[in-house]
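Participant: Here's a structure for you.
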Amino acid sequence: MLLLAGLLGSVPSLAQEPVVMQDTLADVVVSSHRPADRIKEVQIGVEKVNIAELGRVPVLFGERDIIKGIQLLPGVKQESDVSSGFQVRGGTSAQNLILLDDATIYNAGHLMGLFSTFNDDVLQGASLYKGMIPAQLGGATSSVLDIDTKAGNQHGHHLSATIGLLSAKLSAQGPLVKDKLSYFVAGRRSYMDLFLKATEDYKDNKLNFYDLNARFDFRAGPKDYLTLSLFNGRDNLGLEDMMSMKWSNTSAVLRWHHDMTDRVYNTLALIASDYRSDVSIDVLKTDYAMQGYISHLAMKDELTWQPTAKHKLKMGLQTDLIALKSAEWDINLLHQKEKRKAWENAIWVNEEWQATSRMQLSAGLRLDAFTVLGGAPFYEIAANGDIAHTYNYKSGKFVKTYLLLEPRLSVNYKLSDAASLKAGYSRTSQNLHAIRNASMSMPFDRYTMSSNIVKPQTAHQLSLGYMQMVADGDYDFSVEGYYKTVDNVYDYRDGKAFYSEIEIERIILGGKGRAYGLEAMLHKNNGPLTGWVAYTLSWAENKIDGINQNRWYTASNDRRHDISVVGMYKLSRRWELSATWVYNTGQAMTVPGAKYEAGGDTFYYYPQRNGYRAPAYHHLDLGAIYTIQARRFTSQWSFGLYNVYNHYNPFAITISNDDQKPSGTKATQTALFGIVPSVSYTIKF
């Protein structure tokens, strides 16, 4: 992120010397469905995202952003101002699964997280599962964000264009064959590199991103429906001839939906996705390179049967070939990258049952089989981290298979038409692990998968919730508590870092984690003023033998208090105003407790992992939208002010020597943004 600051040439190096950045600032509203629907929803801990309401809440840089929107919900934490990563109920962003039309997306952010990977123009809806996850979804121990894209209009052609200070986007949709074949295409690109070219100091730097979406829907017959969804997003950052950073997501999904009878239908999906990162640095004629990828080639088949109005049964299977290349530094191409492959299979069944007029249940069972495949070296690791033995298996040979049975249960008991009590339990597992030095995700994070040494991560979560709605639906209140334990949590050994060894098993240790907390939310649903207040009280801890003297320690993503206040006011037919205020406890961090010198060098002693906290984080944002409705088009101006009272939130805190202080050490806080104004213009035909 500091590299991005250098490329922009406008980010302050220290908090006490901030700078004002200008950009487009639009809005985001993420809301659950109607209050009555939230009362009836059988799943505990699920948030339905209403994409149609995007564009009303102010966010940084004005992009209508589903990721920034869900960060305003209880139980969901943002990693930083400039990260698209989100943390759910004590988990890290790497413990979330993000699906775009069933395709897995990694590192869902542009420009290190300033912009979301997802263009809001193409999104139809989404569900965030943070409590009980339905059995048809697997591969994450924290949450699943399931996103659907829009189908093109079958009857007429429509065009939408938006231009802001740093990026622009264009979308088009309509019928290719009326009532039979439709298209929806959209593209977005930043043009910050054009500003850099206009400066003498930064004209040779690169700073841009783009994303492209396309969807084609074909009604093959009265009972058959085909959909092809395509996505590609790419970032390109460069500092003259010294440094280059690139990362991308690419996916393709072909779905066939077939109605077998009025009560039975089947959906078959062929899925391909690929995430790649590429970093290279040239320092004093030494080449440093770091490349990695994660690719999936999958097939998913799901059968839905609704025999009566009280029963809905889903059953299915999925098979997925996974290839992973760990991102670690190569110096002058001295290393072969660590590569691994696996074959993951799952079968599931999930039943929704209206047991009584007041009680509804969702119960599921998922069986996951993860097979580690040969074709790369595998190891035995000694207690000190050295390699005790190396095994070489032929490509495709089964090295080890993990079988995991995952029960899921959620119960909704209606106390009345305006109140409900919910409870849930879920066991989930995850076989891809991101190992990080800090709490914030980066495009070049090191990933590994379950192996003969690294075991699948498994989580058990219990949750209990209550929801109350006033009779007219103007207000509703919900409170939900949870307790979660996680097995096989991995972290770096003391004194190790992600670049220190090519064999990642040598520098990590596994243990257990726990997270628990309370979430509360008050909605105002009707009238000219709408919005919500969300509060989260939470704890997250890890215990790994060999780290922190084998004691429980605060997880890097632990934050005690999170508050979000969101308000939207309909001033007139054309004007809408909005405001948000967020506050959270400072991030946990590891700082030295002592230092010593040896051979002229200074060394620091760290007595406790994540034993200190950064200062609290908070900011107030304002937004306004002016809309003009005409017969053939709609135009909209969006204005915003991010961080209105110009508070400099900590992005990074570094420790260095200072002989002028009694301690001989000083802490320096780096902040990225002061007040940020924005404007954008959208026109739709």
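Residues are named by chain letter and number: chains run A, B, ... in the order of the structure tokens, numbers start at 1 in each chain, and ligands are numbered from 1 in the order shown.
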Please provide as an NGL selection string all residues within 8 Å of range 314-316 of chain A, with the sequence filter that same-chain residues fewer than 5 positions apart are discarded (counting only C-alpha atoms).

Facilitator: :A and (136 or 300-305 or 347-351)

Participant: Can I get the selection written as a PDB file, in the first residue's frame, with C-alpha atoms?

Facilitator:
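Now in part10.pdb:
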```pdb
ATOM      1  CA  GLN A 136     -24.605 -26.622  -0.785  1.00  0.00           C
ATOM      2  CA  LYS A 300     -21.361 -28.628  -9.943  1.00  0.00           C
ATOM      3  CA  ASP A 301     -24.743 -30.344 -10.245  1.00  0.00           C
ATOM      4  CA  GLU A 302     -27.698 -29.578  -7.975  1.00  0.00           C
ATOM      5  CA  LEU A 303     -31.192 -31.073  -7.905  1.00  0.00           C
ATOM      6  CA  THR A 304     -34.047 -29.192  -6.176  1.00  0.00           C
ATOM      7  CA  TRP A 305     -37.285 -30.959  -5.226  1.00  0.00           C
ATOM      8  CA  ILE A 347     -21.808 -34.251  -1.962  1.00  0.00           C
ATOM      9  CA  TRP A 348     -24.579 -32.613   0.051  1.00  0.00           C
ATOM     10  CA  VAL A 349     -28.229 -32.631   0.985  1.00  0.00           C
ATOM     11  CA  ASN A 350     -30.162 -29.726   2.531  1.00  0.00           C
ATOM     12  CA  GLU A 351     -33.788 -29.687   3.633  1.00  0.00           C
TER      13      GLU A 351
END
```

Participant: Could you produce a table of the residues of range 513-586 of chain A lying within 8 Å of range 620-641 of chain A, with the nearest pair of atoms per residue and their separation in Å rounded to one decimal, using only C-alpha atoms, ordered by chain and increasing residue number, as JSON lines?

Facilitator:
```
{"residue": "A:Arg574", "atom": "CA", "partner": "A:Thr627", "partner_atom": "CA", "distance": 4.9}
{"residue": "A:Trp575", "atom": "CA", "partner": "A:Tyr626", "partner_atom": "CA", "distance": 4.8}
{"residue": "A:Glu576", "atom": "CA", "partner": "A:Ile625", "partner_atom": "CA", "distance": 5.2}
{"residue": "A:Leu577", "atom": "CA", "partner": "A:Ala624", "partner_atom": "CA", "distance": 4.5}
{"residue": "A:Ser578", "atom": "CA", "partner": "A:Gly623", "partner_atom": "CA", "distance": 5.0}
{"residue": "A:Ala579", "atom": "CA", "partner": "A:Leu622", "partner_atom": "CA", "distance": 4.4}
{"residue": "A:Thr580", "atom": "CA", "partner": "A:Asp621", "partner_atom": "CA", "distance": 5.2}
{"residue": "A:Trp581", "atom": "CA", "partner": "A:Leu620", "partner_atom": "CA", "distance": 4.4}
{"residue": "A:Val582", "atom": "CA", "partner": "A:Leu620", "partner_atom": "CA", "distance": 6.8}
```

Participant: Rounded to one decimal place, report the CA of Ala108 in chain A-CA of Thr319 in chain A distance in Å.

Facilitator: 23.6 Å

Participant: I'd like the neighbourhood of range 152-161 of chain A as a ChimeraX atom specification, where a residue qualifies if any of its atoms comes within 9 Å (using only C-alpha atoms), though same-chain residues fewer than 3 positions away should be ignored.

Facilitator: /A:121,168-185,215-217,681-685

Participant: Do you know which residues are at most 6 Å from range 355-369 of chain A counting only C-alpha atoms, after dropping those on the same chain fewer than 3 positions away, and could you put them as a list in words?

Facilitator: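 These residues fall inside the cut-off: Ala135, Glu344, Asn345, Ala346, Ile347, Trp348, Val349, Asn350, Glu351, Glu352, Tyr402, Leu403, Leu404, Leu405, Glu406, Pro407, Arg408, Leu409, Ser410, Val411, Asn412, Tyr413 and Lys414 of chain A.
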
Participant: Find the residues around range 421-430 of chain A up to 8 Å (only C-alpha atoms counted), leave out those fewer than 2 positions away in its own chain, and share them as a PyMOL selection string.

Facilitator: chain A and resi 42-44+95+131-133+138-141+404+406-415+419+432-433+456-467

Participant: What does the structure give for the distance between CA of Leu324 in chain A and CA of Ser83 in chain A, in Å to one decimal?

Facilitator: 23.5 Å

Participant: With distances taken over only C-alpha atoms, which of A:Val88, A:Ile147, A:Ile51, A:Ile502 is nearest to Gly517 in chain A?

Facilitator: A:Val88

Participant: Show me, as a list of chain:residue names, the residues that have an atom within 6 Å of Ala540 in chain A when counting only C-alpha atoms, minus same-chain residues fewer than 3 positions from it.

Facilitator: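 The filter keeps A:Gly90, A:Arg514, A:Ala515, A:Ala555, A:Asp558.
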
Participant: Could the residues in this selection be saved with all heavy atoms as a PDB file, in the first residue's frame?

Facilitator:
```
ATOM      1  N   GLY A  90     -14.549 -12.918  13.688  1.00  0.00           N
ATOM      2  CA  GLY A  90     -13.263 -13.392  14.174  1.00  0.00           C
ATOM      3  C   GLY A  90     -12.408 -14.080  13.149  1.00  0.00           C
ATOM      4  O   GLY A  90     -11.281 -14.483  13.452  1.00  0.00           O
ATOM      5  N   ARG A 514     -10.311 -19.341  18.584  1.00  0.00           N
ATOM      6  CA  ARG A 514     -11.678 -19.201  19.074  1.00  0.00           C
ATOM      7  C   ARG A 514     -12.117 -17.754  18.870  1.00  0.00           C
ATOM      8  O   ARG A 514     -11.307 -16.822  18.887  1.00  0.00           O
ATOM      9  CB  ARG A 514     -11.778 -19.588  20.545  1.00  0.00           C
ATOM     10  CG  ARG A 514     -10.967 -18.711  21.490  1.00  0.00           C
ATOM     11  CD  ARG A 514     -10.940 -19.273  22.895  1.00  0.00           C
ATOM     12  NE  ARG A 514     -10.153 -18.445  23.810  1.00  0.00           N
ATOM     13  CZ  ARG A 514      -9.734 -18.842  25.005  1.00  0.00           C
ATOM     14  NH1 ARG A 514     -10.028 -20.067  25.434  1.00  0.00           N
ATOM     15  NH2 ARG A 514      -9.029 -18.023  25.778  1.00  0.00           N
ATOM     16  N   ALA A 515     -13.404 -17.591  18.648  1.00  0.00           N
ATOM     17  CA  ALA A 515     -13.974 -16.257  18.448  1.00  0.00           C
ATOM     18  C   ALA A 515     -15.386 -16.262  19.013  1.00  0.00           C
ATOM     19  O   ALA A 515     -16.125 -17.243  18.879  1.00  0.00           O
ATOM     20  CB  ALA A 515     -13.994 -15.893  16.967  1.00  0.00           C
ATOM     21  N   ALA A 555      -5.645 -12.507  18.234  1.00  0.00           N
ATOM     22  CA  ALA A 555      -5.465 -12.643  16.788  1.00  0.00           C
ATOM     23  C   ALA A 555      -5.253 -11.263  16.167  1.00  0.00           C
ATOM     24  O   ALA A 555      -5.708 -10.244  16.695  1.00  0.00           O
ATOM     25  CB  ALA A 555      -6.679 -13.319  16.163  1.00  0.00           C
ATOM     26  N   ASP A 558      -8.373  -9.154  15.691  1.00  0.00           N
ATOM     27  CA  ASP A 558      -9.257  -8.915  16.835  1.00  0.00           C
ATOM     28  C   ASP A 558      -9.509  -7.421  17.004  1.00  0.00           C
ATOM     29  O   ASP A 558      -8.583  -6.606  17.005  1.00  0.00           O
ATOM     30  CB  ASP A 558      -8.603  -9.474  18.102  1.00  0.00           C
ATOM     31  CG  ASP A 558      -9.399  -9.144  19.354  1.00  0.00           C
ATOM     32  OD1 ASP A 558      -9.174  -8.060  19.934  1.00  0.00           O
ATOM     33  OD2 ASP A 558     -10.233  -9.965  19.741  1.00  0.00           O
TER      34      ASP A 558
END
```

Participant: Please list as a PyMOL selection string every residue within 8 Å of Leu537 in chain A, counting only C-alpha atoms and excluding residues in the same chain fewer than 5 positions away.

Facilitator: chain A and resi 517-519+560-562
